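Q: Below: one structure in structure tokens.
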There are 2 protein chains.
Amino acid sequence: MPRKPSYDRDALIAQARDLFWQQGWAGTSLKDLESALNLKPGSFYAAFGSKDALYALTLERYAQDGVARLMAMADEMGPLRALKAQPHVVIDEREMPARACMLAKTYAELQSKGHDLADKAGCHMADMKASFATLFRRAQQAGEIGPDHDPDRLAARYQSDILGLRLSAERRDVNAVEIAEDIAADLDRL
Amino acid sequence: MPRKPSYDRDALIAQARDLFWQQGWAGTSLKDLESALNLKPGSFYAAFGSKDALYALTLERYAQDGVARLMAMADEMGPLRALKAQPHVVIDEREMPARACMLAKTYAELQSKGHDLADKAGCHMADMKASFATLFRRAQQAGEIGPDHDPDRLAARYQSDILGLRLSAERRDVNAVEIAEDIAADLDRL
DNA sequence: GGCTTTCTTGAGCGATCACTCAAGTATATA
DNA sequence: TATATACTTGAGTGATCGCTCAAGAAAGCC
């Protein structure tokens with residue numbers, strides 16, 4: 001019957017994700033989004049409902065892509081090598097709008113206010129931690145790491161290290177590559 | 001000649017620091033500050049000049065206190081034991097308004113906009129990293145860690161781990177004490 | 001007490017916030 | 001081509017943002 005939208009919804013979500021990732025929730029205004037997505041207010045609200053609803057979509061996209069990339073690496077090179085590669089991958093990507101983790105930034109910004117988006121970011125981080133734990137468990141079953149380690153504990157420490165690494169990678173006075181090397185090297189001692 | 005202010009400036013700065021620390025820069029409005037500090041707009045601006053100027057004061061206070069506490073621990077128990085205690089200390093304090101590092105939160109929130117406060121937070125983080133490096137150097141000179149390590153590199157990795165730990169400690173699904181133990185245990189292998 | 005000087009008060013400034021909605025436009029069906 | 005059905009547009013909503021300033025209140029010195 002009627003006309004179709006003139007935009008690519010997935011592409012808009014990706015653009016919005018990059019904006020939110022870089023500037024945060026409060027730091028990104030509707031005006032910013034409208035000009036970046038080339039959408040007038042009416043179209044924006046028809047397409048996404050609200051700023052928060054779009055933010056939630058971008059969080060989902062971000063988290064899904066992250067888990068998918070990690071698991072693809074694990075399929076290609078095995079669990080331990082994927083875990084050793086991950087630190088380098090997350091700080092190396094040049095096209096990324098920010099080095100710091102978008103989930104962590106969201107959680108840090110909004111958790112104190114009890115915002116729904118903080119809970120969602122927290123859930124996505126928990127999913128990511130579970131993925132790390134799965135890989136540690138597989139590495140253990142494959143004999144790549146010793147049998148005495150608790151995969152869940154390893155995953156929590158590893159994720160914490162990655163979060164710190166990614167935050168450090170935003171700084172000019174820090175050599176993030178060295179930190180990534182050290183995190184990866186620690187996995188050889190397990 | 002005239003009357004004195006009815007407030008304790010240092011106490012107000014500490015209160016403002018706690019608010020900013022918890023809620024962030026954009027997340028803390030003048031109304032929040034006025035009601036928390038019990039100050040009307042006129043008094044607020046007479047005392048501090050602007051929201052950003054007060055924020056800068058709170059950053060300074062936060063950073064000074066952090067370095068002072070670390071160095072006091074080092075004087076009391078030696079450099080290596082201080083570095084091993086620090087992870088537990090930063091996540092253990094119950095009266096703190098947030099576990100995550102205020103400098104890191106500030107930097108993450110404002111760096112992408114080139115805000116002055118992000119630069120200031122970055123400088124304070126660099127100072128903290130230098131303090132860590134000093135302690136690693138002293139520990140090395142005392143023979144507490146091997147002579148083949150670069151204290152600056154150790155400090156960068158250690159600070160990154162601490163930042164990750166403090167961010168993780170905000171989460172309910174993470175056992176931050178275990179991570180702190182693991183970070184401290186790593187120092188014994190140096 | 002009289003005077004000076006500062007602190008305190010709170011109404012209100014322009015700008016920006018997220019968001020709405022009615023009018024106009026373009027497209028797919030018939 | 002005519003009609004129905006969306007999509008597009010942008011002026012405009014009330015609320016809140018950081019901040020100003022003139023008037024009033026209080027404390028130190030004579």
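Labels used: A, B, ... for chains in the order of the structure tokens, numbers from 1 for residues in each chain, and numbers from 1 for ligands as shown.
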Would you kindly report the residues of chain A within 10 Å of chain D, using only C-alpha atoms (C1' of nucleotides), as a PyMOL selection string?
A: chain A and resi 1-6+39-43+46
Q: Which polymer residues have any atom within 10 Å of an atom of range 103-111 of chain A, counting only C-alpha atoms (C1' of nucleotides), with same-chain residues fewer than 3 positions away left out, as a count of residues only?
A: 48
Q: So how many Å separate CA of Gly78 in chain B and CA of Ala139 in chain B, to one decimal?
A: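 Pair CA of Gly78 in chain B / CA of Ala139 in chain B returns 7.9 Å.
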Q: Which residues of chain A come within 6 Å of chain B, and for each one, what is the closest pair of atoms and their distance in Å to one decimal, counting only C-alpha atoms, sorted by chain and residue number, as JSON lines?
A:
{"residue": "A:Arg157", "atom": "CA", "partner": "B:Ile179", "partner_atom": "CA", "distance": 5.4}
{"residue": "A:Ser160", "atom": "CA", "partner": "B:Gly164", "partner_atom": "CA", "distance": 4.6}
{"residue": "A:Asp161", "atom": "CA", "partner": "B:Asp161", "partner_atom": "CA", "distance": 5.4}
{"residue": "A:Leu163", "atom": "CA", "partner": "B:Gly164", "partner_atom": "CA", "distance": 5.2}
{"residue": "A:Gly164", "atom": "CA", "partner": "B:Gly164", "partner_atom": "CA", "distance": 3.8}
{"residue": "A:Leu165", "atom": "CA", "partner": "B:Ser160", "partner_atom": "CA", "distance": 5.7}
{"residue": "A:Ile179", "atom": "CA", "partner": "B:Arg157", "partner_atom": "CA", "distance": 5.4}
Q: Can those selected residues be exported to a file as an mmCIF file, in the first residue's frame so that it contains all heavy atoms?
A:
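Here's the written file selection.cif:
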data_model
loop_
_atom_site.group_PDB
_atom_site.id
_atom_site.type_symbol
_atom_site.label_atom_id
_atom_site.label_comp_id
_atom_site.auth_asym_id
_atom_site.auth_seq_id
_atom_site.Cartn_x
_atom_site.Cartn_y
_atom_site.Cartn_z
ATOM 1 N N ARG A 157 38.136 -12.380 36.391
ATOM 2 C CA ARG A 157 39.417 -11.649 36.417
ATOM 3 C C ARG A 157 39.785 -11.181 35.015
ATOM 4 O O ARG A 157 40.207 -10.039 34.812
ATOM 5 C CB ARG A 157 40.522 -12.552 36.972
ATOM 6 C CG ARG A 157 41.936 -12.002 36.778
ATOM 7 C CD ARG A 157 42.190 -10.825 37.701
ATOM 8 N NE ARG A 157 43.341 -10.009 37.302
ATOM 9 C CZ ARG A 157 44.616 -10.310 37.530
ATOM 10 N NH1 ARG A 157 44.937 -11.421 38.174
ATOM 11 N NH2 ARG A 157 45.583 -9.491 37.151
ATOM 12 N N SER A 160 37.642 -8.311 33.939
ATOM 13 C CA SER A 160 38.061 -7.111 34.657
ATOM 14 C C SER A 160 39.313 -6.519 34.014
ATOM 15 O O SER A 160 39.418 -5.302 33.818
ATOM 16 C CB SER A 160 38.322 -7.475 36.122
ATOM 17 O OG SER A 160 38.731 -6.344 36.847
ATOM 18 N N ASP A 161 40.257 -7.384 33.673
ATOM 19 C CA ASP A 161 41.485 -6.919 33.031
ATOM 20 C C ASP A 161 41.187 -6.268 31.682
ATOM 21 O O ASP A 161 41.782 -5.243 31.330
ATOM 22 C CB ASP A 161 42.452 -8.093 32.830
ATOM 23 C CG ASP A 161 43.130 -8.500 34.128
ATOM 24 O OD1 ASP A 161 42.807 -7.916 35.173
ATOM 25 O OD2 ASP A 161 43.977 -9.416 34.087
ATOM 26 N N LEU A 163 38.409 -4.826 30.746
ATOM 27 C CA LEU A 163 37.762 -3.524 30.973
ATOM 28 C C LEU A 163 38.793 -2.462 31.321
ATOM 29 O O LEU A 163 38.748 -1.335 30.813
ATOM 30 C CB LEU A 163 36.724 -3.643 32.096
ATOM 31 C CG LEU A 163 35.489 -4.492 31.790
ATOM 32 C CD1 LEU A 163 34.581 -4.594 33.013
ATOM 33 C CD2 LEU A 163 34.719 -3.923 30.603
ATOM 34 N N GLY A 164 39.736 -2.824 32.201
ATOM 35 C CA GLY A 164 40.787 -1.880 32.545
ATOM 36 C C GLY A 164 41.656 -1.552 31.349
ATOM 37 O O GLY A 164 41.998 -0.388 31.113
ATOM 38 N N LEU A 165 41.992 -2.557 30.579
ATOM 39 C CA LEU A 165 42.809 -2.345 29.374
ATOM 40 C C LEU A 165 42.140 -1.365 28.425
ATOM 41 O O LEU A 165 42.770 -0.435 27.906
ATOM 42 C CB LEU A 165 43.026 -3.688 28.674
ATOM 43 C CG LEU A 165 43.550 -3.634 27.234
ATOM 44 C CD1 LEU A 165 44.977 -3.084 27.208
ATOM 45 C CD2 LEU A 165 43.477 -5.000 26.573
ATOM 46 N N ILE A 179 50.242 -3.554 27.760
ATOM 47 C CA ILE A 179 49.316 -4.145 28.737
ATOM 48 C C ILE A 179 48.613 -5.352 28.127
ATOM 49 O O ILE A 179 48.453 -6.392 28.770
ATOM 50 C CB ILE A 179 48.283 -3.091 29.206
ATOM 51 C CG1 ILE A 179 49.005 -1.925 29.882
ATOM 52 C CG2 ILE A 179 47.267 -3.715 30.153
ATOM 53 C CD1 ILE A 179 48.072 -0.796 30.310
#
Q: Wanna dump the chain C-chain A contacts at 8 Å for me, each residue with its shortest atom pair and the distance in Å to one decimal, counting only C-alpha atoms (C1' of nucleotides), ordered by chain and number, as CSV?
A:
residue,atom,partner,partner_atom,distance
C:DC17,C1',A:Ser29,CA,7.8
C:DA18,C1',A:Leu30,CA,7.0
C:DA26,C1',A:Arg3,CA,6.8
C:DT27,C1',A:Arg3,CA,4.3
C:DA28,C1',A:Met1,CA,4.2
C:DT29,C1',A:Met1,CA,5.5
